[in-house]
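Novice: Data: final.tsv, TSV, C-alpha atoms.
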chain	number	residue	atom	x	y	z
L	144	MET	CA	14.06	57.20	-2.24
L	145	TYR	CA	14.26	55.93	1.31
L	146	THR	CA	14.39	52.16	1.70
L	147	LYS	CA	13.81	50.77	5.13
L	148	LYS	CA	16.33	48.07	5.98
L	149	ARG	CA	14.94	44.88	7.35
L	150	SER	CA	15.95	44.54	10.97
L	151	PRO	CA	17.43	41.25	12.15
L	152	SER	CA	14.43	40.75	14.45
L	153	HIS	CA	12.24	40.14	11.36
L	154	GLN	CA	14.37	37.33	10.02
L	155	LYS	CA	13.49	33.68	10.52
L	156	LYS	CA	15.07	32.13	13.59
L	157	TYR	CA	16.03	28.48	14.05
L	158	TYR	CA	14.70	26.73	17.16
L	159	ARG	CA	15.36	23.39	18.79
L	160	ILE	CA	12.59	22.21	21.11
L	161	ILE	CA	12.83	19.10	23.28
L	162	VAL	CA	9.73	17.43	24.69
L	163	GLU	CA	9.14	14.28	26.68
L	164	GLY	CA	7.43	11.56	24.71
L	165	ARG	CA	7.66	10.22	21.20
L	166	ILE	CA	6.29	12.04	18.17
L	167	ASP	CA	6.29	10.12	14.91
L	168	PRO	CA	8.06	11.96	12.05
L	169	SER	CA	4.81	11.77	10.05
L	170	TRP	CA	3.54	14.64	12.27
L	171	SER	CA	6.09	17.01	10.71
L	172	GLU	CA	3.58	18.69	8.39
L	173	TRP	CA	1.16	19.37	11.28
L	174	LEU	CA	4.08	20.89	13.19
L	175	ASP	CA	4.93	23.44	10.46
L	176	ASP	CA	7.30	21.07	8.62
L	177	PHE	CA	9.75	20.94	11.51
L	178	GLN	CA	12.26	18.10	11.62
L	179	ILE	CA	11.29	15.49	14.24
L	180	ASP	CA	13.77	13.11	15.83
L	181	SER	CA	12.84	10.84	18.77
L	182	LYS	CA	15.39	9.07	20.92
L	183	LYS	CA	15.07	6.71	23.83
L	184	GLU	CA	16.65	8.09	26.99
L	185	GLY	CA	17.30	5.45	29.62
L	186	GLY	CA	14.61	2.99	30.55
L	187	SER	CA	11.53	3.49	28.44
L	188	MET	CA	11.37	7.30	28.28
L	189	TYR	CA	11.52	8.95	24.88
L	190	LEU	CA	12.62	12.51	24.15
L	191	THR	CA	11.67	14.17	20.89
L	192	ILE	CA	13.74	16.94	19.33
L	193	ILE	CA	11.72	19.26	17.10
L	194	SER	CA	13.78	21.72	15.08
L	195	GLY	CA	13.28	24.22	12.31
L	196	PHE	CA	12.84	27.84	11.31
L	197	VAL	CA	10.17	30.08	12.81
L	198	THR	CA	9.04	33.25	11.05
L	199	ASP	CA	8.12	35.21	14.18
L	200	GLN	CA	7.07	34.93	17.82
L	201	ALA	CA	3.43	34.32	16.88
L	202	ALA	CA	4.46	31.27	14.82
L	203	LEU	CA	6.58	30.02	17.72
L	204	ARG	CA	3.63	30.44	20.06
L	205	GLY	CA	1.42	28.51	17.63
L	206	LEU	CA	3.92	25.65	17.52
L	207	LEU	CA	4.15	25.56	21.33
L	208	ASN	CA	0.34	25.56	21.53
L	209	ARG	CA	0.22	22.49	19.28
L	210	LEU	CA	2.70	20.69	21.53
L	211	TRP	CA	0.56	21.70	24.51
L	212	ASP	CA	-2.50	20.25	22.73
L	213	LEU	CA	-0.63	16.92	22.53
L	214	ASN	CA	-0.08	17.04	26.32
L	215	LEU	CA	3.68	16.84	25.88
L	216	VAL	CA	6.01	18.02	28.64
L	217	LEU	CA	8.38	20.74	27.43
L	218	ARG	CA	11.98	19.97	28.43
L	219	SER	CA	13.73	22.85	26.69
L	220	ILE	CA	13.49	25.41	23.95
L	221	GLN	CA	16.58	26.97	22.42
L	222	GLN	CA	17.14	29.50	19.69
L	223	VAL	CA	20.09	28.22	17.69
L	224	GLY	CA	22.49	30.75	16.21
L	225	PRO	CA	23.98	30.61	12.70
L	226	MET	CA	27.37	29.35	13.88
L	227	GLU	CA	25.77	26.39	15.66
L	228	LEU	CA	23.87	25.51	12.49
L	229	LEU	CA	27.09	25.54	10.46
L	230	ASP	CA	28.79	23.26	13.02
L	231	LYS	CA	26.05	20.64	12.55
L	232	LYS	CA	26.64	20.36	8.79
Written as structure tokens, that's how I'd like the structure from this file.
Specialist:
Amino acid sequence: MYTKKRSPSHQKKYYRIIVEGRIDPSWSEWLDDFQIDSKKEGGSMYLTIISGFVTDQAALRGLLNRLWDLNLVLRSIQQVGPMELLDKK
């Protein structure tokens, strides 16, 4: 019996998204249970780091649409590799 191997492109990917502004951690559930961490960056400007696993590009697009709905300015989006995740632990 032939069993199709799951290609790496179908595995969940970890993303770190940085936006301008402060998002309270209580919004985590609305943002697909991503971890939310806000930090003050000089003066009175806040940056929020949103990080977590995304199942596919459609889910990533949905998350970015939600951030757009909040009128937040996107600073960066980065796919984080497995080695970087291990270094953080």
Novice: Here is a test: counting only C-alpha atoms, which residue of L:Val223, L:Ile161, L:Leu174, L:Lys155 is nearest to Arg209 in chain L?
Specialist: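 Residue with the minimum atom-to-atom distance to Arg209 in chain L: L:Leu174.
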Novice: Under the rule that only C-alpha atoms are counted, which of L:Val197, L:Leu190, L:Ala202, L:Leu207 is the nearest residue to Glu163 in chain L?
Specialist: L:Leu190
Novice: Considering all atoms listed in the file, can you say which of L:Gln154, L:Leu213, L:Arg165, L:Gln221 comes closest to Lys183 in chain L?
Specialist: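 The closest residue to Lys183 in chain L is L:Arg165.
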Novice: Enter the distance from CA of Ile160 in chain L to CA of Asn208 in chain L, in Å, rounded to one decimal.
Specialist: 12.7 Å
Novice: Nearest to Asp175 in chain L: which of L:Ser194, L:Tyr189, L:Leu215, L:Lys156 is it, counting only C-alpha atoms?
Specialist: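 Of the candidates, the smallest distance to Asp175 in chain L is held by L:Ser194.
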Novice: For Lys182 in chain L, which residue among L:Leu217, L:Phe196, L:Val162, L:Leu203 is the nearest when counting all atoms listed in the file?
Specialist: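 Using all atoms listed in the file, the shortest distance to Lys182 in chain L belongs to L:Val162.
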Novice: Calculate how many Å separate CA of Gly205 in chain L from CA of Ser171 in chain L, rounding to one decimal.
Specialist: 14.2 Å
Novice: Rounded to one decimal in Å, what is the spacing between CA of Gly224 in chain L and CA of Gly185 in chain L?
Specialist: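 A separation of 29.1 Å between them.
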Novice: If we count only C-alpha atoms and set the cut-off at 6 Å, which residues sit around Ile193 in chain L, ignoring sequence neighbours fewer than 2 positions away in its own chain? Please answer as a list in words.
Specialist: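 In the requested form, the answer reads Arg159, Ile160, Gln178 and Ile179 of chain L.
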